[in-house]
Each structure stands twice: as C-alpha cells, then as structure tokens.
Amino acid sequence: MEHRFTYLQTCPVYFGEGSAAEAGAKMQALGCRSVLLVCDKNGAKFGLADRVRAGFRDTGITLVQFDDVSPDPADTMVDHCARIARDACLEGVVGVGGGSVLDTAKAVSVLLRNEGSVRDHMKPNLPPNPGAPLILIPTTAGTGSEVTNVGVITHTGKNLKIGVECQATLAILDPTLTYSVPPEVTAETAMDALAHAAECVTGTVANPHADTLALEAIRTILDCLPRAVADGGDAEARRGLCLASSLAGIAFSETMVHVGHAMSQGMGARLHISHGAGCALCLPAALEYTAPAVPGQLAKVAAALGLGVEEGTAPEGLGRRVADFLCAFMDRVGIRSLRERGFTREAVVACAEAAMEDFLVDYCPTPVTLENVREMYRRIYGYERKGTDNP
Ligand code: NAD
C-alpha cells in the first residue's frame, strides 16, 4: 500500500436519543425561513416526520412536506420533488428516512442552487454551486448517506444508479428513529454498513484513518446486530448500529468500496433486490476474492470479526475462513438467500455485465474480469439459510 492519503472530515454529526427534535432550531441557526421536509410513506406512517416537524413549531419556518420518495430514487421523482421546492422558493432541505430519502434530499438541495434536472449533475459532472442548507436524519442504520459526499439516484434512461456529489450541512443521528425498522430491514441495512467497512479496508486506496473507523464499525455491528434483530427494543444495540453505520460512511467516503458493491448494484439494476441485501450477499465472495492481493488488510477484518487466524495461514485459507464466517453470520441475523427471494441462478449470473459497468470494480485490489464476476455470483447463489445460532 502506498503511504500517501487524505483525511476527509465530512459534515458535523449531532448524535443522541431525541436529537431529531432539534432539527428546527438547527435550521433556524442556518438562516432558513422555508424548508422542504423529505420523507417516504413509512416516514409518515411511523410518525418519524411528525417528530421532526414538532421541532419546527416555534421557529416561524414554513415547512412543506414531500412524502412520496420511492426506493432506489428515480431521477424523474427527484425532478418532480425539486420542482415543488423551486416553485415555493424554499431555502433549505431536511431529509428524514432511509438512504433513498436522504439521497433524494441531497439531490433536491443541489437542484435548489443549480439549474437543470438531476441528470445534468450526475457524475462525472459536478454541480457548479454547493447545494442549499441540508440536514439529514437517517431512520435506518446502514447507508451512512448522512455523512457521505454523494447521493445515489437511478438514471431511468440508462437503468443505472449514478452519484450526485453533495454532502449535508449537518447530520442528526437519533437512534430512537430506527426503533420501528423491522428485523429484516435492520439486518440488511446493517450488513450494508458492514460491507462498506470491510470493502473499505480491503480496497486499493485503504488508509489507516479510514481503517480505524471501519474496523470499529465492524466490531460494533458484530456485537449489536444480533441483539437488534432478536430484540428490536434494545436501545444500546440500536445506538451502536447508528454509530457504526455513520463511522463506516465516513470511512468509505475516503476510500470507496469495491467489487461487492459493484455486484450488488448490478443485481439492484437488473433484479431490483434491496441495496442492503445485495451488499450483504455479495460480501463473502468479494472479500475472499481480495485475499491473495491484500492478506494483511483482510487479516485486520478477520480480527475485527473476532476470528483467530493461525500464523502462516495461506491467503486463500484466510479468505475462505472470512467468507464462511460471514455466511454463518448472515444466517444468524436472518438474511434470506437469493433462491428464497425467487431468483434463478441464471438471472443472477446475468447481472455480471451490469456489475462490470460499475466504476467501483477498479477499486478491487485483485483485477476483476467478467468471468470472475460470474463465478462470484455462482458462489453467492450457493448461500443457504440453515438457522445457525452461532457463527
Ligand atoms: P430505504 O431507504 O429504501 O428504506 C428501506 C425500507 O425501510 C423502506 O421501505 C423504508 O420506508 C423503510 N424504513 C426506513 N426507515 C424506517 C423506520 N424507521 N421504520 C420502519 N420502516 C423504515 O433503504 P436504505 O437501505 O436505507 O437505503 C438504500 C438506498 O441508499 C439505495 O438507493 C442505495 O443506493 C443508497 N445508498 C446511498 C449511499 C450514499 O452514500 N449516498 C450509501 C449506500 C446506499
């Protein structure tokens, strides 16, 4: 590894139970007199948006709510939402929701300060002006979008998810907003964060600062996820997952993720599997694939997972060990297999071309070929749930 790197500190993070109620005061301090509140149907249904709205009551800020965000946010939906904000001359944006909502809020904040449609600002283009003041409040613990420097939007013309560069002015992490997340979404989103962390440590541009955050995120998820799934009301476990997902988000903003995420995006585009589930299922094969190139970095991941690896273990053995452990962990927290989700092996393997189109493959330390990706998809198709308790 080359010993040259950049520390990237993203936005300030305000963390704590009940902190969402302070979004109004924080927006007031940013000088905004009118704000778009972005959420989705569940944000409205579970009262999450209401808890944020309550904090605006005495601020004099005009609040307009948009609660129609769909998963894997489409460019057309983002443009529609931005039109509402532009027509009302709104000055700031608050996003309260999972990654789909936060990314929509990011893109709308860009469109409030830049002309055109969201497609005009997708990478490799960069928005000429910074976005409008933006507060992001996650209600899932996984994507880390509240602290990353990109919003991921679906380009419906190309059927690809593409980033729009943008970061929040402030992230508010209130773990109590995640208490209503059902067990399966809790597991999938937390595995997304674990994949961010593990791919960050094993990627081509890993660095010690990001490693420190990512390895702590892995240890925390390992401890907290089984508890959060078994007992959704465990406040300490929910707090740990929120913190871990933001640490992993900061870490991978510096280093990127690699082939596991590229494969997940490939399945997302073709099969519409949820982002977290795709990242979880691809992770074991992706890490095993990196073992010969970065055995030292993978050993750090193994240690964070609590795996004792004997000195002198060959990289291939280490890779196998990590992959087997992750499959058992997924089994324990209830990640359903691709077969259980109704996909055929052929349909999964056919996602390889889409995965290869993703620039993230370039961050994998072992060069990636189309045939290698097909082989990895075949392997992940072999994952089955057995109901194991203890990985
Ligand atoms: P999501 O936002 O699509 O939410 C998943 C489901 O959980 C939805 O049905 C949602 O309504 C529901 N939900 C959210 N919070 C809830 C709560 N508190 N209680 C009950 N239900 C709740 O899923 P996600 O995994 O959070 O986000 C995925 C999106 O994030 C993808 O589009 C992915 O590409 C993107 N992403 C972005 C970044 C980034 O850096 N910007 C990083 C990773 C992923």
# chains A, B, ... in the order shown; residues from 1 in each chain; ligands from 1
>>> closest_atom_pairs(of="segment 12-117 of chain A", to="segment 134-144 of chain A", cutoff="9 Å", atoms="only C-alpha atoms", output="Markdown table")
| residue | atom | partner | partner_atom | distance |
| --- | --- | --- | --- | --- |
| A:Ala20 | CA | A:Ile137 | CA | 7.1 |
| A:Ala23 | CA | A:Ile135 | CA | 7.4 |
| A:Lys26 | CA | A:Ile135 | CA | 8.4 |
| A:Met27 | CA | A:Ile135 | CA | 7.6 |
| A:Gly43 | CA | A:Thr139 | CA | 8.2 |
| A:Leu48 | CA | A:Thr139 | CA | 8.0 |
| A:Gly92 | CA | A:Leu134 | CA | 6.0 |
| A:Val93 | CA | A:Leu134 | CA | 4.9 |
| A:Val94 | CA | A:Ile135 | CA | 4.8 |
| A:Gly95 | CA | A:Leu136 | CA | 4.9 |
| A:Val96 | CA | A:Ile137 | CA | 4.7 |
| A:Gly97 | CA | A:Thr139 | CA | 4.7 |
| A:Gly98 | CA | A:Thr140 | CA | 5.0 |
| A:Gly99 | CA | A:Thr143 | CA | 5.7 |
| A:Val101 | CA | A:Pro138 | CA | 8.6 |
| A:Leu102 | CA | A:Leu136 | CA | 6.2 |
| A:Ala105 | CA | A:Leu134 | CA | 7.7 |
| A:Lys106 | CA | A:Leu134 | CA | 7.2 |
| A:Ser109 | CA | A:Leu134 | CA | 6.6 |
>>> write_last_selection(atoms="N, CA, C and O atoms", output="tab-separated table (two decimals), in the first residue's frame")
chain	number	residue	atom	x	y	z
A	20	ALA	N	-33.51	14.43	17.06
A	20	ALA	CA	-34.25	14.82	15.85
A	20	ALA	C	-35.14	16.03	16.11
A	20	ALA	O	-35.40	16.83	15.21
A	23	ALA	N	-34.01	19.63	14.95
A	23	ALA	CA	-33.74	19.99	13.55
A	23	ALA	C	-34.24	21.41	13.25
A	23	ALA	O	-33.60	22.16	12.51
A	26	LYS	N	-31.86	23.97	14.56
A	26	LYS	CA	-30.62	23.92	13.77
A	26	LYS	C	-30.83	24.60	12.41
A	26	LYS	O	-29.95	25.30	11.91
A	27	MET	N	-32.01	24.39	11.82
A	27	MET	CA	-32.29	25.00	10.52
A	27	MET	C	-32.42	26.52	10.67
A	27	MET	O	-31.97	27.28	9.81
A	43	GLY	N	-42.06	6.94	6.60
A	43	GLY	CA	-41.68	8.06	7.47
A	43	GLY	C	-42.91	8.77	7.99
A	43	GLY	O	-42.95	9.23	9.14
A	48	LEU	N	-42.33	9.39	12.00
A	48	LEU	CA	-40.95	9.87	12.07
A	48	LEU	C	-40.88	11.33	11.62
A	48	LEU	O	-40.23	12.16	12.25
A	92	GLY	N	-34.18	25.70	2.29
A	92	GLY	CA	-33.39	24.60	2.86
A	92	GLY	C	-34.11	23.27	2.70
A	92	GLY	O	-35.29	23.24	2.31
A	93	VAL	N	-33.42	22.18	3.00
A	93	VAL	CA	-34.00	20.83	2.87
A	93	VAL	C	-33.65	20.02	4.11
A	93	VAL	O	-32.50	20.06	4.59
A	94	VAL	N	-34.65	19.28	4.61
A	94	VAL	CA	-34.41	18.29	5.67
A	94	VAL	C	-34.85	16.94	5.12
A	94	VAL	O	-35.97	16.82	4.60
A	95	GLY	N	-33.99	15.94	5.21
A	95	GLY	CA	-34.37	14.57	4.82
A	95	GLY	C	-34.48	13.72	6.06
A	95	GLY	O	-33.54	13.69	6.87
A	96	VAL	N	-35.60	13.03	6.23
A	96	VAL	CA	-35.74	12.11	7.36
A	96	VAL	C	-36.22	10.77	6.81
A	96	VAL	O	-37.36	10.65	6.36
A	97	GLY	N	-35.33	9.77	6.82
A	97	GLY	CA	-35.68	8.48	6.23
A	97	GLY	C	-34.46	7.61	6.03
A	97	GLY	O	-33.37	7.90	6.52
A	98	GLY	N	-34.65	6.54	5.26
A	98	GLY	CA	-33.54	5.66	4.90
A	98	GLY	C	-32.70	6.32	3.80
A	98	GLY	O	-32.92	7.48	3.42
A	99	GLY	N	-31.77	5.55	3.27
A	99	GLY	CA	-30.86	6.09	2.26
A	99	GLY	C	-31.60	6.66	1.06
A	99	GLY	O	-31.16	7.66	0.47
A	101	VAL	N	-34.44	8.24	0.93
A	101	VAL	CA	-34.92	9.59	1.25
A	101	VAL	C	-33.74	10.56	1.35
A	101	VAL	O	-33.79	11.67	0.80
A	102	LEU	N	-32.69	10.14	2.04
A	102	LEU	CA	-31.55	11.06	2.24
A	102	LEU	C	-30.93	11.44	0.89
A	102	LEU	O	-30.55	12.60	0.67
A	105	ALA	N	-33.12	13.95	-0.82
A	105	ALA	CA	-32.95	15.27	-0.20
A	105	ALA	C	-31.65	15.92	-0.67
A	105	ALA	O	-31.59	17.12	-0.94
A	106	LYS	N	-30.60	15.10	-0.78
A	106	LYS	CA	-29.31	15.64	-1.26
A	106	LYS	C	-29.46	16.22	-2.67
A	106	LYS	O	-29.03	17.35	-2.95
A	109	SER	N	-31.42	19.40	-2.74
A	109	SER	CA	-30.66	20.56	-2.26
A	109	SER	C	-29.73	21.08	-3.36
A	109	SER	O	-29.55	22.28	-3.52
>>> residues_around(residues="Gly342 of chain A", least_positions_apart="3", cutoff="12 Å", atoms="only C-alpha atoms", output="list in words")
Leu271, His272, Ile273, Arg336, Ser337, Leu338, Arg339, Arg345, Glu346, Ala347, Val348 and Tyr381 of chain A
>>> residues_near_ligand(ligand="ligand 1", cutoff="8 Å", atoms="only C-alpha atoms and all ligand atoms", output="number ranges by chain")
A: 40-43, 46, 48, 70-73, 97-103, 138-154, 161, 163, 177-182, 185, 188-189, 192-193, 249, 253, 265, 274-276
>>> closest_residue(among="A:Asp174, A:Gln28, A:Ala168, A:Lys158", to="Ala235 of chain A", atoms="only C-alpha atoms")
A:Asp174
>>> residues_around(residues="segment 314-331 of chain A", least_positions_apart="4", cutoff="9 Å", atoms="only C-alpha atoms", output="JSON, numbers by chain")
{"A": [187, 191, 222, 226, 280, 281, 283, 284, 285, 286, 287, 288, 289, 290, 291, 292, 293, 294, 295, 296, 298, 299, 301, 302, 305, 307, 309, 335, 336, 337, 383, 384, 385, 386, 387, 388, 389, 390, 391]}
>>> closest_residue(among="A:Val333, A:Leu360, A:Met122, A:Ala210", to="Glu184 of chain A", atoms="only C-alpha atoms")
A:Val333
>>> atom_distance(atom1="atom CA of Val349 of chain A", atom2="atom CA of Arg270 of chain A")
10.7 Å
>>> closest_residue(among="A:Leu170, A:Leu90, A:Met256, A:Val52", to="Leu30 of chain A", atoms="only C-alpha atoms")
A:Leu170
>>> closest_residue(among="A:Asn372, A:Thr176, A:Ser245, A:Thr366", to="Gly18 of chain A", atoms="only C-alpha atoms")
A:Thr176
>>> closest_residue(among="A:Gly240, A:Gly334, A:Gly24, A:Gly382", to="Arg57 of chain A", atoms="only C-alpha atoms")
A:Gly24
>>> atom_distance(atom1="atom CA of Arg51 of chain A", atom2="atom CA of Arg239 of chain A")
18.0 Å
>>> closest_residue(among="A:Ala132, A:Val110, A:Ala304, A:Glu236", to="Leu213 of chain A", atoms="only C-alpha atoms")
A:Ala304
>>> select_by_dssp(residues="segment 125-315 of chain A", states="strand (DSSP E or B)", output="count of residues only")
21
>>> select_by_dssp(residues="segment 84-142 of chain A", states="helix (DSSP H, G or I)", output="list of chain:residue names")
A:Ile84, A:Ala85, A:Arg86, A:Asp87, A:Gly99, A:Ser100, A:Val101, A:Leu102, A:Asp103, A:Thr104, A:Ala105, A:Lys106, A:Ala107, A:Val108, A:Ser109, A:Val110, A:Leu111, A:Leu112, A:Arg113, A:Val118, A:Arg119, A:Asp120, A:His121
>>> atom_distance(atom1="atom CA of Val118 of chain A", atom2="atom CA of Leu63 of chain A")
22.8 Å
